[in-house]
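Data file: data22.cif. Format and content: mmCIF, C-alpha atoms.
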```
data_protein
loop_
_atom_site.label_atom_id
_atom_site.label_comp_id
_atom_site.auth_asym_id
_atom_site.auth_seq_id
_atom_site.Cartn_x
_atom_site.Cartn_y
_atom_site.Cartn_z
CA MET Z 1253 -36.93 -10.00 5.61
CA ALA Z 1254 -40.69 -9.65 5.32
CA LYS Z 1255 -40.51 -11.88 2.23
CA GLY Z 1256 -38.78 -14.69 4.10
CA ALA Z 1257 -35.15 -14.18 3.04
CA LYS Z 1258 -32.79 -16.76 4.55
CA VAL Z 1259 -29.57 -14.93 3.57
CA ILE Z 1260 -28.98 -11.24 2.89
CA ILE Z 1261 -26.10 -10.07 0.69
CA PHE Z 1262 -24.83 -6.49 0.62
CA SER Z 1263 -22.80 -6.06 -2.55
CA SER Z 1264 -20.89 -2.81 -2.10
CA ASP Z 1265 -18.40 -1.27 0.30
CA ASP Z 1266 -20.84 1.61 0.75
CA PHE Z 1267 -23.27 -0.72 2.53
CA LYS Z 1268 -20.93 -1.72 5.35
CA ASP Z 1269 -22.85 0.07 8.11
CA ASP Z 1270 -26.19 -1.10 6.73
CA ALA Z 1271 -24.87 -4.67 6.72
CA LEU Z 1272 -23.77 -4.38 10.34
CA GLU Z 1273 -27.04 -2.86 11.53
CA THR Z 1274 -29.04 -5.50 9.66
CA ALA Z 1275 -26.92 -8.25 11.22
CA LYS Z 1276 -27.61 -6.83 14.68
CA LYS Z 1277 -31.32 -6.55 13.97
CA TYR Z 1278 -31.60 -10.11 12.62
CA PRO Z 1279 -28.95 -12.14 14.51
CA ASP Z 1280 -30.26 -15.47 13.24
CA ILE Z 1281 -29.94 -14.54 9.56
CA PRO Z 1282 -26.57 -14.89 7.77
CA ILE Z 1283 -25.44 -11.53 6.43
CA VAL Z 1284 -22.77 -11.47 3.73
CA HIS Z 1285 -21.07 -8.20 2.85
CA THR Z 1286 -18.97 -7.90 -0.29
CA SER Z 1287 -15.93 -5.81 0.65
CA GLY Z 1288 -15.74 -4.29 4.13
CA ASP Z 1289 -13.72 -5.56 7.06
CA TYR Z 1290 -15.97 -5.86 10.10
CA ALA Z 1291 -15.38 -9.64 10.20
CA TRP Z 1292 -11.57 -9.29 10.10
CA LYS Z 1293 -10.54 -10.28 13.61
CA GLU Z 1294 -7.07 -8.74 13.30
CA GLY Z 1295 -8.37 -5.53 11.76
CA LYS Z 1296 -8.89 -2.20 13.44
CA ASN Z 1297 -12.58 -2.18 12.48
CA PHE Z 1298 -13.46 -5.65 13.79
CA LYS Z 1299 -16.99 -6.02 15.09
CA ASN Z 1300 -17.78 -9.22 16.95
CA GLN Z 1301 -20.99 -9.93 15.04
CA PRO Z 1302 -21.37 -13.73 14.65
CA ASN Z 1303 -23.76 -13.62 11.70
CA LEU Z 1304 -21.80 -11.12 9.57
CA GLY Z 1305 -19.13 -12.18 7.07
CA ASN Z 1306 -17.04 -10.31 4.52
CA ILE Z 1307 -15.99 -11.60 1.10
CA MET Z 1308 -13.62 -9.94 -1.35
CA GLY Z 1309 -11.00 -10.70 -3.99
CA ARG Z 1310 -7.41 -9.50 -4.08
CA MET Z 1311 -7.95 -7.37 -7.15
CA GLU Z 1312 -4.72 -5.53 -6.36
CA TYR Z 1313 -3.01 -8.30 -8.34
CA GLY Z 1314 -5.44 -7.99 -11.23
CA LYS Z 1315 -4.80 -4.26 -11.31
CA MET Z 1316 -1.04 -4.83 -11.33
CA ILE Z 1317 -1.44 -7.06 -14.39
CA ALA Z 1318 -3.73 -4.49 -16.00
CA GLY Z 1319 -1.23 -1.71 -15.30
CA CYS Z 1320 1.49 -3.85 -16.85
CA ALA Z 1321 -0.61 -4.29 -20.01
CA ALA Z 1322 -1.11 -0.52 -20.21
CA ALA Z 1323 2.59 0.25 -19.82
CA LEU Z 1324 3.56 -2.34 -22.42
CA SER Z 1325 1.24 -0.71 -24.95
CA THR Z 1326 1.43 3.06 -24.53
CA GLU Z 1327 3.40 4.91 -27.19
CA THR Z 1328 3.09 8.34 -25.58
CA GLY Z 1329 3.97 7.20 -22.06
CA LYS Z 1330 0.65 8.62 -20.85
CA ILE Z 1331 -1.87 6.35 -19.13
CA GLY Z 1332 -5.22 7.64 -17.89
CA TYR Z 1333 -7.18 5.93 -15.13
CA LEU Z 1334 -10.91 6.40 -14.63
CA GLY Z 1335 -11.29 6.29 -10.86
CA PRO Z 1336 -14.65 5.82 -9.10
CA LEU Z 1337 -15.32 7.14 -5.61
CA ILE Z 1338 -12.30 7.56 -3.33
CA ASN Z 1339 -11.90 5.08 -0.47
CA ASP Z 1340 -9.29 2.64 0.81
CA GLU Z 1341 -10.19 -0.02 -1.75
CA THR Z 1342 -10.09 2.27 -4.76
CA ARG Z 1343 -6.84 3.92 -3.67
CA ARG Z 1344 -5.28 0.47 -3.38
CA TYR Z 1345 -6.46 -0.44 -6.87
CA ALA Z 1346 -5.21 2.74 -8.50
CA SER Z 1347 -1.90 2.41 -6.67
CA ALA Z 1348 -1.58 -1.24 -7.69
CA ALA Z 1349 -2.25 -0.34 -11.33
CA TYR Z 1350 0.56 2.20 -11.19
CA LEU Z 1351 2.92 -0.28 -9.53
CA GLY Z 1352 2.29 -2.83 -12.28
CA ALA Z 1353 2.72 -0.19 -14.97
CA LYS Z 1354 5.96 1.10 -13.47
CA HIS Z 1355 7.42 -2.38 -13.11
CA CYS Z 1356 6.73 -3.39 -16.70
CA TRP Z 1357 7.72 0.01 -18.09
CA GLU Z 1358 11.14 -0.48 -16.52
CA LYS Z 1359 11.64 -4.25 -16.86
CA TYR Z 1360 10.27 -4.98 -20.31
CA ARG Z 1361 10.49 -1.63 -22.07
CA LYS Z 1362 13.71 -0.51 -20.37
CA LYS Z 1363 12.39 2.99 -19.83
CA ASP Z 1364 12.84 5.56 -17.07
CA PRO Z 1365 9.83 5.67 -14.70
CA GLN Z 1366 10.14 9.45 -14.71
CA ASP Z 1367 8.92 9.29 -18.30
CA LEU Z 1368 5.75 7.43 -17.36
CA ASN Z 1369 2.76 9.71 -16.84
CA PHE Z 1370 -0.02 7.95 -14.92
CA LYS Z 1371 -3.00 10.16 -14.16
CA VAL Z 1372 -6.03 9.22 -12.08
CA THR Z 1373 -9.23 11.23 -12.37
CA TRP Z 1374 -11.83 10.29 -9.76
CA ILE Z 1375 -15.37 10.71 -11.08
CA GLY Z 1376 -16.95 10.36 -7.62
CA PHE Z 1377 -18.81 7.04 -7.83
CA TRP Z 1378 -18.81 3.68 -9.64
CA PHE Z 1379 -20.93 5.12 -12.46
CA ASN Z 1380 -22.22 8.44 -13.66
CA ILE Z 1381 -24.85 10.20 -11.55
CA THR Z 1382 -25.95 13.34 -13.34
CA GLY Z 1383 -25.17 16.40 -11.26
CA LYS Z 1384 -23.34 14.36 -8.62
CA THR Z 1385 -20.27 12.97 -10.37
CA LEU Z 1386 -17.92 13.92 -13.14
CA ASP Z 1387 -19.20 12.62 -16.46
CA PRO Z 1388 -17.00 9.59 -17.30
CA THR Z 1389 -17.68 10.09 -21.01
CA LYS Z 1390 -16.09 13.54 -20.84
CA VAL Z 1391 -13.26 12.33 -18.63
CA ALA Z 1392 -12.46 9.52 -21.07
CA ASP Z 1393 -12.65 11.93 -24.02
CA ASP Z 1394 -10.35 14.36 -22.21
CA PHE Z 1395 -7.80 11.59 -21.80
CA TYR Z 1396 -8.00 10.42 -25.40
CA ASN Z 1397 -7.85 14.00 -26.71
CA SER Z 1398 -4.75 14.93 -24.71
CA SER Z 1399 -2.27 12.23 -25.75
CA TYR Z 1400 -3.29 9.65 -23.14
CA ASP Z 1401 -3.28 6.75 -25.56
CA VAL Z 1402 -4.24 4.09 -22.99
CA VAL Z 1403 -7.20 4.54 -20.65
CA MET Z 1404 -7.75 2.10 -17.79
CA SER Z 1405 -11.22 1.76 -16.34
CA GLY Z 1406 -11.77 1.56 -12.61
CA ILE Z 1407 -15.53 2.10 -12.83
CA ASP Z 1408 -18.52 -0.15 -13.47
CA THR Z 1409 -19.57 1.28 -16.83
CA PRO Z 1410 -17.96 1.06 -20.30
CA GLU Z 1411 -17.02 4.67 -21.14
CA ALA Z 1412 -13.32 3.84 -21.57
CA ALA Z 1413 -14.24 1.29 -24.23
CA ILE Z 1414 -17.00 3.25 -25.95
CA GLN Z 1415 -15.10 6.53 -26.18
CA GLY Z 1416 -11.93 4.68 -27.06
CA LYS Z 1417 -13.66 3.07 -30.04
CA LYS Z 1418 -14.93 6.47 -31.17
CA ALA Z 1419 -11.42 7.88 -30.88
CA ALA Z 1420 -9.96 4.93 -32.79
CA ASP Z 1421 -12.60 5.26 -35.50
CA ALA Z 1422 -11.54 8.92 -35.82
CA GLY Z 1423 -7.96 7.83 -36.47
CA LYS Z 1424 -6.39 8.07 -33.02
CA GLN Z 1425 -3.98 5.33 -31.93
CA VAL Z 1426 -5.60 4.50 -28.61
CA LYS Z 1427 -6.27 1.45 -26.44
CA PHE Z 1428 -8.15 0.67 -23.24
CA VAL Z 1429 -8.24 -1.74 -20.32
CA HIS Z 1430 -11.71 -2.76 -19.16
CA TYR Z 1431 -12.60 -3.72 -15.58
CA ASP Z 1432 -14.34 -6.67 -13.93
CA PHE Z 1433 -16.63 -7.75 -16.81
CA LYS Z 1434 -14.91 -10.78 -18.32
CA GLN Z 1435 -16.35 -10.13 -21.79
CA GLY Z 1436 -15.45 -6.44 -21.67
CA CYS Z 1437 -13.10 -6.65 -24.65
CA ASP Z 1438 -16.07 -7.52 -26.85
CA LEU Z 1439 -17.09 -3.85 -26.70
CA ALA Z 1440 -14.13 -2.83 -28.87
CA PRO Z 1441 -11.90 -5.87 -29.44
CA ASP Z 1442 -9.40 -4.23 -31.78
CA ILE Z 1443 -8.26 -1.74 -29.13
CA CYS Z 1444 -8.74 -3.77 -25.96
CA LEU Z 1445 -5.64 -4.72 -23.97
CA GLY Z 1446 -7.45 -6.94 -21.50
CA VAL Z 1447 -9.72 -7.25 -18.51
CA PRO Z 1448 -8.93 -8.06 -14.87
CA TYR Z 1449 -11.96 -9.75 -13.36
CA TYR Z 1450 -13.34 -11.39 -10.21
CA ASN Z 1451 -14.71 -14.93 -10.01
CA TRP Z 1452 -17.50 -14.17 -7.56
CA ALA Z 1453 -18.92 -17.69 -7.80
CA LEU Z 1454 -16.20 -18.92 -5.44
CA PRO Z 1455 -16.93 -16.91 -2.27
CA TYR Z 1456 -20.65 -16.51 -2.90
CA GLY Z 1457 -21.04 -20.20 -3.57
CA LYS Z 1458 -19.22 -21.17 -0.38
CA ALA Z 1459 -21.20 -18.67 1.72
CA LEU Z 1460 -24.51 -19.95 0.39
CA GLN Z 1461 -23.48 -23.56 0.97
CA GLN Z 1462 -22.60 -22.71 4.56
CA ALA Z 1463 -25.93 -20.97 5.06
CA ALA Z 1464 -27.81 -23.90 3.55
CA ALA Z 1465 -26.03 -26.18 6.02
CA GLY Z 1466 -27.23 -24.06 8.93
CA GLN Z 1467 -23.91 -22.30 9.46
CA LYS Z 1468 -23.27 -18.58 9.61
CA PRO Z 1469 -20.59 -17.53 7.08
CA ASN Z 1470 -18.93 -15.03 9.39
CA ASP Z 1471 -15.34 -15.24 8.14
CA PHE Z 1472 -13.24 -12.54 6.55
CA VAL Z 1473 -12.60 -14.04 3.10
CA TRP Z 1474 -10.04 -12.32 0.87
CA LEU Z 1475 -9.15 -14.61 -2.02
CA GLY Z 1476 -6.30 -14.20 -4.48
CA PRO Z 1477 -5.43 -15.72 -7.85
CA ASN Z 1478 -4.48 -19.31 -8.54
CA TRP Z 1479 -0.97 -18.46 -9.70
CA LYS Z 1480 -0.64 -21.72 -11.63
CA ASP Z 1481 -3.53 -20.60 -13.85
CA ILE Z 1482 -5.13 -17.27 -13.05
CA ASN Z 1483 -8.04 -18.03 -15.40
CA ALA Z 1484 -8.82 -21.42 -13.87
CA PRO Z 1485 -12.28 -21.93 -12.33
CA ASP Z 1486 -10.74 -21.93 -8.84
CA SER Z 1487 -8.97 -18.59 -9.30
CA MET Z 1488 -10.71 -15.64 -7.65
CA ILE Z 1489 -8.79 -13.13 -9.77
CA GLY Z 1490 -8.22 -13.55 -13.49
CA PHE Z 1491 -7.03 -11.56 -16.48
CA VAL Z 1492 -8.26 -11.95 -20.06
CA LYS Z 1493 -5.67 -10.76 -22.57
CA GLY Z 1494 -7.08 -8.54 -25.29
CA LYS Z 1495 -6.41 -8.61 -29.02
CA ALA Z 1496 -4.64 -5.23 -28.91
CA LEU Z 1497 -1.99 -6.62 -26.55
CA GLY Z 1498 -0.56 -8.59 -29.45
CA ASP Z 1499 2.96 -9.96 -28.97
CA ASN Z 1500 3.21 -8.15 -25.64
CA GLY Z 1501 1.09 -10.95 -24.22
CA LYS Z 1502 4.28 -12.92 -23.61
CA PHE Z 1503 5.43 -10.24 -21.16
CA ILE Z 1504 2.13 -10.47 -19.29
CA ASP Z 1505 2.69 -14.22 -19.02
CA ASP Z 1506 6.20 -13.65 -17.69
CA PHE Z 1507 5.01 -11.03 -15.21
CA VAL Z 1508 2.29 -13.33 -13.86
CA LYS Z 1509 4.74 -16.24 -13.68
CA ASN Z 1510 7.21 -14.13 -11.72
CA MET Z 1511 4.54 -12.98 -9.27
CA GLY Z 1512 3.53 -16.61 -8.84
CA ASN Z 1513 7.03 -17.94 -8.19
CA GLY Z 1514 8.00 -15.08 -5.90
CA SER Z 1515 10.72 -13.47 -8.02
CA VAL Z 1516 8.44 -10.45 -8.03
CA LYS Z 1517 7.63 -9.97 -4.36
CA ARG Z 1518 3.89 -9.59 -4.70
CA SER Z 1519 3.38 -9.52 -0.93
CA ASP Z 1520 5.47 -6.35 -0.74
CA TRP Z 1521 3.43 -4.87 -3.53
CA ALA Z 1522 0.17 -5.74 -1.84
CA VAL Z 1523 1.37 -4.14 1.39
CA ALA Z 1524 2.46 -1.06 -0.53
CA ALA Z 1525 -0.93 -0.78 -2.20
CA MET Z 1526 -2.73 -1.40 1.10
CA ASN Z 1527 -0.80 1.42 2.71
CA HIS Z 1528 -1.18 3.85 -0.18
CA LEU Z 1529 2.50 3.49 -1.04
CA PRO Z 1530 4.09 5.51 1.78
CA GLN Z 1531 7.50 4.02 0.92
CA CYS Z 1532 7.22 4.85 -2.77
CA SER Z 1533 8.20 8.14 -4.30
CA PHE Z 1534 5.81 8.88 -7.13
CA PRO Z 1535 7.34 10.68 -10.11
CA PRO Z 1536 6.13 14.23 -10.54
CA ALA Z 1537 4.21 13.09 -13.62
CA LEU Z 1538 1.91 10.94 -11.48
CA ASN Z 1539 -1.22 12.92 -10.79
CA PHE Z 1540 -4.15 12.07 -8.54
CA ALA Z 1541 -6.72 14.51 -9.84
#
```
Take the structure in this file and express it as structure tokens.
Amino acid sequence: MAKGAKVIIFSSDDFKDDALETAKKYPDIPIVHTSGDYAWKEGKNFKNQPNLGNIMGRMEYGKMIAGCAAALSTETGKIGYLGPLINDETRRYASAAYLGAKHCWEKYRKKDPQDLNFKVTWIGFWFNITGKTLDPTKVADDFYNSSYDVVMSGIDTPEAAIQGKKAADAGKQVKFVHYDFKQGCDLAPDICLGVPYYNWALPYGKALQQAAAGQKPNDFVWLGPNWKDINAPDSMIGFVKGKALGDNGKFIDDFVKNMGNGSVKRSDWAVAAMNHLPQCSFPPALNFA
């Protein structure tokens, strides 16, 4: 503020209380918080703070697509998931990835969900902090060295890709799913199944336009995909298909089409993920480590 900022953006769920306190301290300055729910009027955590807004994307759908890609591609039936810190958002994402994997494992591969092993290992944060988190390099290696032939990333750094490439170079038949960085497959294109990503330009752009017009962007904004074209510029959530997906890409297209037209009841899935799947019975093979 001392440098004359006209808008302040907090870009992580971890900053929710800082965002609220800053909004209270500077009531004339628009405060935008990525993630969080203090601006959600119907939510249990609603705070009536007129200069505080929340923006987020419905990445649950991106994670469902990513989980589908993983299930279409595993030969061992073992999918590893690099989880970050544990909170409501990350539980939803891991759960959504499993839901997508389970659906495509059954529908397209005609396999029993009891034979699908989906393991989440939470490292403790979005990236490695020496002495504070599990080392994601070791976690990824542990997956690749114990028959988990697909590793999905839920963290902000590229260990799933980097260690996957090393494993592939050593002769292992492995693949990975990157997260959020649209060009993530470029790290190891031959073994990349795809990348679910956010289009942050949409909510950030609107919030900054509102602020420039003298308004306070204090809405709860939670944008989903454009189901007609999830990679269109107006789609908040997209999915880039990777080279390693091969002919299975047609099943991803079908899955997305069915979510878009309602034959797959995506609203039920989103509710399930939001509520940590209380109505779902996980197979014994599903581990949350």
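The closest residue to Thr1385 (chain Z), picked from Z:Gly1466, Z:Pro1336, Z:Pro1365, Z:Pro1485 and counting all atoms listed in the file, is Z:Pro1336.
Reported to one decimal place, the separation of CA of Gly1335 (chain Z) from CA of Thr1373 (chain Z) is 5.6 Å.
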| request: Could you please determine the separation between CA of Lys1371 (chain Z) and CA of Gly1332 (chain Z) in Å, to one decimal place? | output: 5.0 Å
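Considering the residues Z:Trp1378, Z:Lys1359, Z:Lys1299, Z:Met1316 and counting only C-alpha atoms, Asp1265 (chain Z) has its shortest atom-to-atom contact with Z:Trp1378.
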| Residues within 12 Å of (-12.6, -11.6, -12.0), file coords, only C-alpha atoms, listed as a ChimeraX atom specification | /Z:1308-1315,1430-1436,1446-1455,1475-1478,1482-1492
| Between CA of Phe1262 (chain Z) and CA of Asn1306 (chain Z), what is the spacing in Å? | 9.5 Å
| query | So which residues touch Lys1417 (chain Z) within 10 Å, counting all atoms listed in the file, skipping near sequence neighbours fewer than 3 positions away, as a PyMOL selection string? | reply | chain Z and resi 1411-1414+1420-1424+1426-1428+1439-1444
| What's the 9 Å shell around Ala1346 (chain Z), counting all atoms listed in the file, without same-chain residues fewer than 2 positions away, as a list in words? | Glu1312, Lys1315, Tyr1333, Gly1335, Glu1341, Thr1342, Arg1343, Arg1344, Ala1348, Ala1349, Tyr1350, Leu1351, Val1372, Gly1406 and Ala1525 of chain Z
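For the residues Z:Ser1399, Z:Asn1500, Z:Ser1515, Z:Gln1425, ranking by smallest atom-to-atom distance to Cys1320 (chain Z) using only C-alpha atoms places Z:Asn1500 first.
When all atoms listed in the file are used to measure the gap to Asn1510 (chain Z), the shortest distance among Z:Lys1480, Z:Ala1353, Z:Ser1398, Z:Gly1383 belongs to Z:Lys1480.
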| query | Can you list, as a ChimeraX atom specification, the residues that the PyMOL selection byres ((chain Z and resi 1391) around 10) selects here? | reply | /Z:1332-1334,1373-1375,1386-1390,1392-1397,1411-1412,1415
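Near Phe1267 (chain Z), within a cut-off of 12 Å and counting only C-alpha atoms, sit the residues Z:Ile1260, Z:Ile1261, Z:Phe1262, Z:Ser1263, Z:Ser1264, Z:Asp1265, Z:Asp1269, Z:Asp1270, Z:Ala1271, Z:Leu1272, Z:Glu1273, Z:Thr1274, Z:Ile1283, Z:Val1284, Z:His1285, Z:Thr1286, Z:Ser1287, Z:Gly1288, Z:Asp1289, Z:Tyr1290, Z:Asn1306, with same-chain residues fewer than 2 positions away left out.
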